[in-house]
>>> print(open('my_file_19.txt').read())   # compact mmCIF, C-alpha atoms (C1' of nucleotides)
# COMPACT_ATOMS: atom_id res chain seq x y z
CA MET A 1 85.03 92.76 158.15
CA SER A 2 83.51 94.27 155.08
CA LEU A 3 81.84 97.25 156.60
CA LYS A 4 84.74 98.79 154.77
CA HIS A 5 83.45 97.47 151.47
CA ALA A 6 79.83 98.19 152.23
CA ILE A 7 80.83 101.84 152.70
CA LEU A 8 82.92 101.87 149.54
CA VAL A 9 80.02 100.39 147.54
CA GLN A 10 77.74 103.12 148.79
CA LEU A 11 80.25 105.90 148.15
CA GLU A 12 80.81 104.57 144.67
CA THR A 13 77.11 105.20 144.01
CA GLU A 14 77.16 108.68 145.49
CA PRO A 15 79.27 110.82 147.84
CA SER A 16 77.80 110.75 151.32
CA SER A 17 78.32 111.92 154.85
CA GLY A 18 78.57 109.58 157.79
CA TYR A 19 75.00 110.38 158.59
CA ASP A 20 73.83 109.61 155.06
CA LEU A 21 75.55 106.24 155.26
CA LEU A 22 73.85 105.56 158.54
CA GLN A 23 70.49 106.14 156.87
CA HIS A 24 71.36 103.69 154.12
CA PHE A 25 72.28 101.12 156.74
CA LYS A 26 68.89 101.66 158.29
CA SER A 27 67.02 101.16 155.05
CA GLY A 28 68.07 99.38 151.85
CA LEU A 29 71.59 98.18 152.58
CA GLY A 30 70.60 97.62 156.18
CA TYR A 31 68.74 94.44 155.47
CA PHE A 32 72.00 92.61 154.98
CA TRP A 33 74.56 94.85 156.61
CA ASN A 34 74.28 96.50 159.99
CA ALA A 35 76.40 99.20 161.50
CA LYS A 36 76.03 101.77 164.21
CA HIS A 37 77.04 105.37 163.87
CA GLN A 38 80.12 105.00 166.05
CA GLN A 39 81.47 102.29 163.86
CA ILE A 40 80.76 104.19 160.67
CA TYR A 41 82.55 107.34 161.81
CA GLN A 42 85.54 105.33 162.94
CA GLN A 43 85.66 103.42 159.70
CA LEU A 44 85.43 106.63 157.67
CA LYS A 45 88.38 107.98 159.58
CA THR A 46 90.39 104.84 158.87
CA LEU A 47 89.43 104.72 155.19
CA SER A 48 90.34 108.38 154.90
CA GLU A 49 93.78 107.74 156.39
CA GLN A 50 94.25 104.90 153.92
CA LYS A 51 93.36 107.31 151.09
CA LEU A 52 90.55 105.05 149.92
CA ILE A 53 88.13 107.92 150.36
CA SER A 54 88.49 111.69 150.49
CA LEU A 55 86.70 114.42 152.34
CA SER A 56 85.07 117.69 151.34
CA LEU A 57 83.54 120.09 153.78
CA GLU A 58 80.23 121.50 152.76
CA LYS A 59 79.41 124.71 154.46
CA GLN A 60 75.93 124.93 155.86
CA LYS A 61 74.13 127.90 157.29
CA GLY A 62 73.57 127.69 161.00
CA ARG A 63 74.89 124.15 161.17
CA PRO A 64 78.38 122.77 161.41
CA ASP A 65 79.99 121.83 158.15
CA LYS A 66 78.74 118.66 156.64
CA LYS A 67 81.52 116.21 155.94
CA THR A 68 80.98 114.60 152.61
CA TYR A 69 83.18 111.72 151.61
CA GLN A 70 83.81 110.42 148.13
CA ILE A 71 85.61 107.35 146.93
CA THR A 72 89.10 107.84 145.48
CA LYS A 73 90.75 106.06 142.56
CA LEU A 74 92.59 103.90 145.05
CA GLY A 75 89.32 103.14 146.80
CA THR A 76 87.64 102.08 143.56
CA GLU A 77 90.56 99.78 142.84
CA GLU A 78 90.37 98.25 146.28
CA LEU A 79 86.64 97.78 145.89
CA LYS A 80 86.99 96.11 142.49
CA HIS A 81 89.67 93.87 143.90
CA TRP A 82 87.41 92.81 146.75
CA LEU A 83 84.48 92.27 144.40
CA THR A 84 86.57 90.05 142.15
CA ASN A 85 87.77 87.70 144.90
CA PRO A 86 85.37 85.20 146.44
CA VAL A 87 83.93 85.98 149.85
CA LYS A 88 83.55 83.39 152.54
CA PRO A 89 80.11 81.93 153.11
CA HIS A 90 77.93 83.90 155.46
CA LYS A 91 78.16 82.80 159.07
CA ILE A 92 74.99 82.52 161.07
CA ASN A 93 75.11 83.22 164.79
CA ASP A 94 71.50 83.26 165.82
CA ALA A 95 70.83 83.42 169.53
CA LEU A 96 67.13 82.69 169.10
CA LEU A 97 67.94 79.27 167.70
CA VAL A 98 70.29 78.54 170.57
CA LYS A 99 67.34 79.32 172.77
CA VAL A 100 64.97 77.02 170.92
CA TYR A 101 67.61 74.30 170.98
CA GLY A 102 67.85 74.50 174.74
CA GLY A 103 64.24 75.53 175.32
CA HIS A 104 63.31 72.43 177.33
CA LEU A 105 64.73 74.20 180.39
CA ILE A 106 62.02 76.84 180.43
CA ASP A 107 58.26 77.20 180.10
CA GLN A 108 56.92 76.40 176.69
CA GLU A 109 54.74 79.45 177.04
CA ASN A 110 57.76 81.64 177.58
CA LEU A 111 59.34 80.22 174.45
CA GLN A 112 56.18 80.75 172.45
CA ASN A 113 55.96 84.35 173.59
CA GLU A 114 59.47 85.04 172.47
CA LEU A 115 58.79 83.46 169.10
CA MET A 116 55.71 85.61 168.67
CA LEU A 117 57.71 88.69 169.56
CA HIS A 118 60.25 87.91 166.85
CA LYS A 119 57.43 87.10 164.45
CA LYS A 120 56.15 90.65 164.80
CA THR A 121 59.54 92.09 163.95
CA HIS A 122 59.93 89.84 160.94
CA LYS A 123 56.43 90.66 159.69
CA LYS A 124 57.25 94.34 159.90
CA ILE A 125 60.48 93.86 157.98
CA LEU A 126 58.70 91.83 155.31
CA GLN A 127 56.07 94.54 154.91
CA ASP A 128 58.78 97.17 154.47
CA LEU A 129 60.57 95.06 151.91
CA LEU A 130 57.37 94.38 149.99
CA ASN A 131 56.66 98.10 149.93
CA MET A 132 60.10 98.76 148.50
CA GLU A 133 59.48 96.08 145.93
CA ARG A 134 56.19 97.64 144.90
CA THR A 135 57.89 101.02 144.45
CA PHE A 136 60.54 99.35 142.33
CA LEU A 137 58.05 97.48 140.16
CA GLU A 138 56.10 100.68 139.52
CA SER A 139 59.20 102.54 138.36
CA PRO A 140 60.02 103.00 134.65
CA PRO A 141 61.89 100.18 132.87
CA GLN A 142 65.20 102.07 132.65
CA THR A 143 65.15 102.62 136.41
CA GLN A 144 64.44 98.94 136.91
CA GLU A 145 67.32 98.05 134.66
CA LYS A 146 69.64 100.40 136.54
CA TYR A 147 68.76 99.07 139.96
CA LYS A 148 68.38 95.43 139.11
CA LEU A 149 71.26 94.34 141.33
CA PRO A 150 70.02 96.12 144.46
CA TYR A 151 66.63 94.67 143.58
CA LEU A 152 68.11 91.18 143.77
CA THR A 153 69.23 91.85 147.32
CA LEU A 154 65.71 93.03 148.06
CA ARG A 155 64.40 89.73 146.70
CA ARG A 156 66.79 87.91 148.98
CA GLY A 157 65.32 89.76 151.89
CA ILE A 158 61.75 89.00 150.88
CA LEU A 159 62.35 85.29 150.31
CA GLY A 160 64.36 85.07 153.52
CA GLU A 161 61.70 86.72 155.63
CA GLN A 162 58.92 84.65 154.11
CA ALA A 163 60.86 81.50 154.93
CA TRP A 164 61.39 82.73 158.47
CA LEU A 165 57.66 83.31 158.92
CA THR A 166 56.79 79.91 157.47
CA TRP A 167 59.16 78.36 159.99
CA ALA A 168 57.72 80.36 162.88
CA LYS A 169 54.22 79.21 162.01
CA GLU A 170 55.36 75.60 161.92
CA ALA A 171 57.30 75.98 165.15
CA LEU A 172 54.42 77.59 167.04
CA GLU A 173 52.03 74.89 165.90
CA MET A 174 54.40 72.23 167.10
CA LEU A 175 54.98 73.94 170.44
CA LYS A 176 51.28 74.32 171.08
CA LYS A 177 50.71 70.59 170.94
CA MET B 1 78.08 87.21 172.71
CA SER B 2 76.21 84.08 173.45
CA LEU B 3 78.82 81.54 172.59
CA LYS B 4 78.75 81.40 176.35
CA HIS B 5 75.14 80.26 176.31
CA ALA B 6 75.55 77.96 173.35
CA ILE B 7 78.22 76.13 175.37
CA LEU B 8 76.08 76.05 178.49
CA VAL B 9 73.15 74.62 176.52
CA GLN B 10 75.35 71.87 175.19
CA LEU B 11 76.88 71.08 178.58
CA GLU B 12 73.43 70.97 180.10
CA THR B 13 72.67 68.11 177.72
CA GLU B 14 75.90 66.25 178.43
CA PRO B 15 79.36 66.90 179.88
CA SER B 16 81.84 67.49 177.10
CA SER B 17 85.43 68.39 176.37
CA GLY B 18 86.42 71.38 174.29
CA TYR B 19 86.95 69.07 171.39
CA ASP B 20 83.50 67.51 171.77
CA LEU B 21 81.97 70.98 171.72
CA LEU B 22 83.88 71.79 168.59
CA GLN B 23 82.33 68.74 166.91
CA HIS B 24 78.86 69.90 167.90
CA PHE B 25 79.59 73.31 166.42
CA LYS B 26 80.57 71.59 163.22
CA SER B 27 77.38 69.55 163.02
CA GLY B 28 73.97 70.15 164.63
CA LEU B 29 74.46 73.34 166.63
CA GLY B 30 76.81 74.58 163.97
CA TYR B 31 74.07 75.46 161.56
CA PHE B 32 73.15 78.47 163.66
CA TRP B 33 76.19 79.05 165.84
CA ASN B 34 79.79 79.06 164.72
CA ALA B 35 82.92 78.98 166.78
CA LYS B 36 86.53 78.04 166.26
CA HIS B 37 88.54 75.92 168.63
CA GLN B 38 90.56 78.86 169.96
CA GLN B 39 87.45 80.67 170.96
CA ILE B 40 85.92 77.62 172.59
CA TYR B 41 88.97 76.89 174.74
CA GLN B 42 89.18 80.51 175.82
CA GLN B 43 85.51 80.61 176.65
CA LEU B 44 85.75 77.37 178.65
CA LYS B 45 88.54 78.90 180.68
CA THR B 46 86.46 82.00 181.38
CA LEU B 47 83.33 80.05 182.24
CA SER B 48 85.38 77.87 184.55
CA GLU B 49 86.77 80.90 186.34
CA GLN B 50 83.23 82.20 186.73
CA LYS B 51 82.23 78.86 188.27
CA LEU B 52 79.52 78.35 185.67
CA ILE B 53 81.14 75.09 184.66
CA SER B 54 83.50 72.67 186.38
CA LEU B 55 86.26 70.45 185.17
CA SER B 56 87.10 66.79 185.61
CA LEU B 57 90.18 65.18 184.23
CA GLU B 58 89.62 61.85 182.61
CA LYS B 59 92.70 59.76 182.47
CA GLN B 60 93.34 58.13 179.15
CA LYS B 61 95.88 55.50 178.26
CA GLY B 62 98.62 56.74 176.03
CA ARG B 63 96.98 60.11 175.58
CA PRO B 64 96.99 63.22 177.71
CA ASP B 65 94.08 63.56 180.12
CA LYS B 66 90.85 64.55 178.55
CA LYS B 67 89.33 67.63 180.12
CA THR B 68 85.64 67.12 180.58
CA TYR B 69 83.52 70.04 181.65
CA GLN B 70 80.11 69.90 183.23
CA ILE B 71 77.65 72.65 183.99
CA THR B 72 77.37 73.75 187.64
CA LYS B 73 74.29 74.81 189.58
CA LEU B 74 75.32 78.42 189.07
CA GLY B 75 75.72 77.74 185.37
CA THR B 76 72.25 76.25 185.09
CA GLU B 77 70.82 79.29 186.84
CA GLU B 78 72.63 81.64 184.52
CA LEU B 79 71.42 79.65 181.52
CA LYS B 80 67.81 79.70 182.69
CA HIS B 81 68.08 83.41 183.29
CA TRP B 82 69.35 83.98 179.79
CA LEU B 83 66.66 81.73 178.32
CA THR B 84 63.95 83.64 180.13
CA ASN B 85 64.96 87.09 178.90
CA PRO B 86 64.32 88.09 175.28
CA VAL B 87 67.25 88.05 172.89
CA LYS B 88 67.81 90.75 170.32
CA PRO B 89 66.83 90.00 166.75
CA HIS B 90 69.47 88.28 164.72
CA LYS B 91 71.70 90.62 162.77
CA ILE B 92 72.60 89.76 159.23
CA ASN B 93 75.98 90.80 157.90
CA ASP B 94 76.23 89.08 154.58
CA ALA B 95 79.17 90.03 152.40
CA LEU B 96 77.78 88.23 149.35
CA LEU B 97 74.81 90.57 149.29
CA VAL B 98 77.08 93.60 149.56
CA LYS B 99 78.76 92.19 146.51
CA VAL B 100 75.56 91.71 144.57
CA TYR B 101 74.49 95.22 145.56
CA GLY B 102 77.65 96.69 144.10
CA GLY B 103 78.09 94.09 141.39
CA HIS B 104 77.73 96.54 138.49
CA LEU B 105 81.42 97.32 138.90
CA ILE B 106 82.54 93.89 137.79
CA ASP B 107 81.86 91.30 135.10
CA GLN B 108 78.44 89.78 135.27
CA GLU B 109 80.12 86.47 134.56
CA ASN B 110 82.33 86.87 137.60
CA LEU B 111 79.30 87.59 139.73
CA GLN B 112 77.47 84.56 138.35
CA ASN B 113 80.42 82.33 139.08
CA GLU B 114 80.52 83.43 142.66
CA LEU B 115 76.82 82.83 143.03
CA MET B 116 77.20 79.35 141.62
CA LEU B 117 80.03 78.66 144.03
CA HIS B 118 77.87 79.61 146.98
CA LYS B 119 75.01 77.61 145.52
CA LYS B 120 77.14 74.48 145.74
CA THR B 121 77.87 75.09 149.40
CA HIS B 122 74.24 75.72 150.21
CA LYS B 123 73.12 72.62 148.32
CA LYS B 124 75.58 70.56 150.33
CA ILE B 125 74.31 72.03 153.60
CA LEU B 126 70.71 71.38 152.60
CA GLN B 127 71.52 67.77 151.76
CA ASP B 128 73.15 67.29 155.16
CA LEU B 129 70.20 68.83 156.93
CA LEU B 130 67.73 66.70 155.00
CA ASN B 131 69.71 63.60 155.93
CA MET B 132 69.56 64.57 159.58
CA GLU B 133 65.85 65.11 159.22
CA ARG B 134 65.37 61.67 157.69
CA THR B 135 67.24 60.09 160.59
CA PHE B 136 65.06 61.98 163.01
CA LEU B 137 61.82 61.00 161.30
CA GLU B 138 62.83 57.35 161.29
CA SER B 139 63.53 57.36 165.03
CA PRO B 140 61.01 56.05 167.58
CA PRO B 141 58.27 58.45 168.78
CA GLN B 142 59.75 58.92 172.24
CA THR B 143 63.05 60.01 170.69
CA GLN B 144 61.20 62.41 168.44
CA GLU B 145 59.38 63.81 171.42
CA LYS B 146 62.63 64.23 173.33
CA TYR B 147 64.43 66.03 170.51
CA LYS B 148 61.57 68.07 169.18
CA LEU B 149 63.19 71.39 170.02
CA PRO B 150 66.51 70.64 168.31
CA TYR B 151 64.39 69.34 165.42
CA LEU B 152 62.77 72.76 165.15
CA THR B 153 66.17 74.34 164.67
CA LEU B 154 66.84 71.75 161.99
CA ARG B 155 63.62 72.78 160.26
CA ARG B 156 64.76 76.38 160.40
CA GLY B 157 67.92 75.35 158.62
CA ILE B 158 66.05 73.43 155.95
CA LEU B 159 63.54 76.19 155.23
CA GLY B 160 66.31 78.78 155.26
CA GLU B 161 68.50 76.89 152.83
CA GLN B 162 65.62 76.14 150.49
CA ALA B 163 64.76 79.83 150.41
CA TRP B 164 68.37 80.67 149.69
CA LEU B 165 68.44 78.26 146.75
CA THR B 166 65.17 79.60 145.39
CA TRP B 167 66.66 83.06 145.50
CA ALA B 168 69.87 81.97 143.81
CA LYS B 169 67.94 80.40 140.96
CA GLU B 170 65.95 83.58 140.50
CA ALA B 171 69.08 85.72 140.70
CA LEU B 172 71.02 83.65 138.18
CA GLU B 173 68.13 83.72 135.73
CA MET B 174 67.93 87.49 136.03
CA LEU B 175 71.68 87.91 135.62
CA LYS B 176 71.78 85.73 132.52
CA LYS B 177 69.40 88.01 130.66
C1' DC C 1 106.41 58.56 155.28
C1' DC C 2 102.56 61.56 155.02
C1' DT C 3 98.16 63.15 156.03
C1' DC C 4 94.21 63.33 158.75
C1' DC C 5 92.17 63.24 163.17
C1' DC C 6 92.49 63.69 168.20
C1' DA C 7 93.38 67.28 171.64
C1' DT C 8 94.79 71.62 173.66
C1' DG C 9 96.50 75.91 174.11
C1' DT C 10 98.83 81.41 173.78
C1' DA C 11 99.09 86.03 171.79
C1' DA C 12 98.23 89.91 168.76
C1' DG C 13 95.18 92.45 166.49
C1' DC C 14 90.91 93.73 164.47
C1' DC C 15 85.99 94.44 164.68
C1' DG C 16 81.93 95.69 167.02
C1' DT C 17 79.16 97.20 171.15
C1' DT C 18 78.18 100.16 175.01
C1' DA C 19 78.69 104.20 177.36
C1' DC C 20 79.63 108.92 177.35
C1' DA C 21 79.45 113.51 175.05
C1' DT C 22 77.82 117.73 172.50
C1' DG C 23 74.75 120.89 170.21
C1' DA C 24 71.36 122.75 166.71
C1' DT C 25 66.68 122.45 164.46
C1' DT C 26 61.83 120.84 163.71
C1' DG C 27 57.30 119.56 165.07
C1' DC C 28 53.82 118.70 168.72
C1' DG D 1 58.85 122.85 177.03
C1' DC D 2 59.96 118.12 175.23
C1' DA D 3 60.96 114.64 172.03
C1' DA D 4 62.73 113.45 167.72
C1' DT D 5 65.88 114.14 164.10
C1' DC D 6 70.14 116.00 162.24
C1' DA D 7 75.12 115.50 162.86
C1' DT D 8 79.54 114.09 164.75
C1' DG D 9 82.66 112.23 167.62
C1' DT D 10 85.96 109.60 171.85
C1' DA D 11 87.05 105.76 174.96
C1' DA D 12 86.73 101.34 177.12
C1' DC D 13 85.74 96.91 176.71
C1' DG D 14 84.54 92.50 174.93
C1' DG D 15 84.26 89.05 171.15
C1' DC D 16 86.20 86.87 167.27
C1' DT D 17 89.84 85.90 163.85
C1' DT D 18 94.48 84.86 162.48
C1' DA D 19 98.83 83.23 163.35
C1' DC D 20 101.74 80.44 165.95
C1' DA D 21 102.59 76.22 168.67
C1' DT D 22 102.80 71.24 170.26
C1' DG D 23 102.39 66.26 170.13
C1' DG D 24 100.42 61.45 169.78
C1' DG D 25 97.75 57.81 167.12
C1' DA D 26 95.52 55.67 162.92
C1' DG D 27 95.37 54.51 158.19
C1' DG D 28 96.93 54.47 153.49
>>> encode(input="my_file_19.txt", output="structure tokens")
Amino acid sequence: MSLKHAILVQLETEPSSGYDLLQHFKSGLGYFWNAKHQQIYQQLKTLSEQKLISLSLEKQKGRPDKKTYQITKLGTEELKHWLTNPVKPHKINDALLVKVYGGHLIDQENLQNELMLHKKTHKKILQDLLNMERTFLESPPQTQEKYKLPYLTLRRGILGEQAWLTWAKEALEMLKK
Amino acid sequence: MSLKHAILVQLETEPSSGYDLLQHFKSGLGYFWNAKHQQIYQQLKTLSEQKLISLSLEKQKGRPDKKTYQITKLGTEELKHWLTNPVKPHKINDALLVKVYGGHLIDQENLQNELMLHKKTHKKILQDLLNMERTFLESPPQTQEKYKLPYLTLRRGILGEQAWLTWAKEALEMLKK
DNA sequence: CCTCCCATGTAAGCCGTTACATGATTGC
DNA sequence: GCAATCATGTAACGGCTTACATGGGAGG
């Protein structure tokens, strides 16, 4: 629903190609918004038709032209409008918890293994986020001031992942009894 | 994607009508899986056609027949199969964080107000979850043993909401400077 | 009377996933 | 040579949301 706005936010920061956006969704932004390349390219097409973004072709040697999009005046307006109106609370649809809820139907060992698998992923994510935080905290004060809002989203990620890991520890202990 | 399985899990516990399921999605299960009535009724129809669930009509005085669904053998198999295979990690698509990320475009006050609004909602959810936990902890040991897996999902909710509130406090302090 | 809760549905449209497709460059 | 990364797309399908629709009972 707001992939649209996630793209506009990014383009407001700097003009990007579809591929660039994809990279952002894999790193920083990606912690709280996910999108695949197919969806991004389709959305860019739509946004372009709606005149919320515009396109420039950058010629590249040897490679096909790189399509760089930038936000238009209309796009900035739309973005500001969206930012000013409240968003609905985030909906959680977490299949793992459905599984835990109904886990009495399968081996406890099986359940534990799956939890441990997810734990690995979450540990990795936390490490990545902590690394980003370290980089941020080592940057000069004016950089920190400039990126303080993205930093807040990073903090959300860190606190969220830590809470997840605390839960997993608790859950595994309980399952092992 | 696994509304299907969320429904099967619930029906495995007890036969229910569409309306009953809706109530579960508004309370316990609802913390980690959301669905609207339209979606539930459609899904029940589909599952019924696939013979994963079956229907009995309960006659009621004065009211139209209540449609009660129960899980079939085939449904239980499908559920066990799903439970045994790993699920993909939960994807977060959180519009509020997109907003914070791009919040430099609007009033800081506006952003703070929205955060406070969400804080209220999360506080309410946490209170509800803590109440459910109290009820659980006051129940007899055999009940606790029986519902230990759903209790784990409750714990996930509590830890998650507490982490959210910790973050919000931190964020609001930072924004006020 | 009016609103909330019980109780169930159809239909259109949007959003997102999966599968299919192409082709160049870089590093091992 | 082969895999990974850069770089962009189309098409089909499935899931979810929004709007529309109906009708009885309970309580203030």
>>> residues_around(input="my_file_19.txt", residues="segment 26-33 of chain A", least_positions_apart="4", cutoff="6 Å", atoms="only C-alpha atoms (C1' of nucleotides)", output="number ranges by chain")
B: 92-94
>>> interface_residues(input="my_file_19.txt", of="chain B", to="chain A", cutoff="8 Å", atoms="only C-alpha atoms", output="PyMOL selection string")
chain B and resi 2+5-6+9-10+29+31-34+80+83-84+86-106+110+114+118+149-150+152-153+155-156+159-160+163-164+167+171
>>> atom_distance(input="my_file_19.txt", atom1="atom C1' of DA4 of chain D", atom2="atom CA of Lys119 of chain A")
27.1 Å
>>> atom_distance(input="my_file_19.txt", atom1="atom CA of Thr72 of chain B", atom2="atom CA of Gln144 of chain B")
27.5 Å
>>> closest_residue(input="my_file_19.txt", among="A:Gln42, A:Gln112, A:Ser48, A:Ser54", to="chain D", atoms="only C-alpha atoms (C1' of nucleotides)")
A:Gln42
>>> residues_around(input="my_file_19.txt", residues="DA12 of chain C", least_positions_apart="4", cutoff="12 Å", atoms="all atoms listed in the file", output="compact mmCIF listing (two decimals) with C-alpha atoms (C1' of nucleotides), in the coordinates of the input")
# COMPACT_ATOMS: atom_id res chain seq x y z
C1' DT D 17 89.84 85.90 163.85
C1' DT D 18 94.48 84.86 162.48
C1' DA D 19 98.83 83.23 163.35
C1' DC D 20 101.74 80.44 165.95
>>> residues_around(input="my_file_19.txt", residues="DG9 of chain C", least_positions_apart="2", cutoff="10 Å", atoms="only C-alpha atoms (C1' of nucleotides)", output="compact mmCIF listing (two decimals) with C-alpha atoms (C1' of nucleotides), in the coordinates of the input")
# COMPACT_ATOMS: atom_id res chain seq x y z
CA HIS B 37 88.54 75.92 168.63
CA GLN B 38 90.56 78.86 169.96
CA TYR B 41 88.97 76.89 174.74
CA GLN B 42 89.18 80.51 175.82
C1' DA C 7 93.38 67.28 171.64
C1' DA D 21 102.59 76.22 168.67
C1' DT D 22 102.80 71.24 170.26
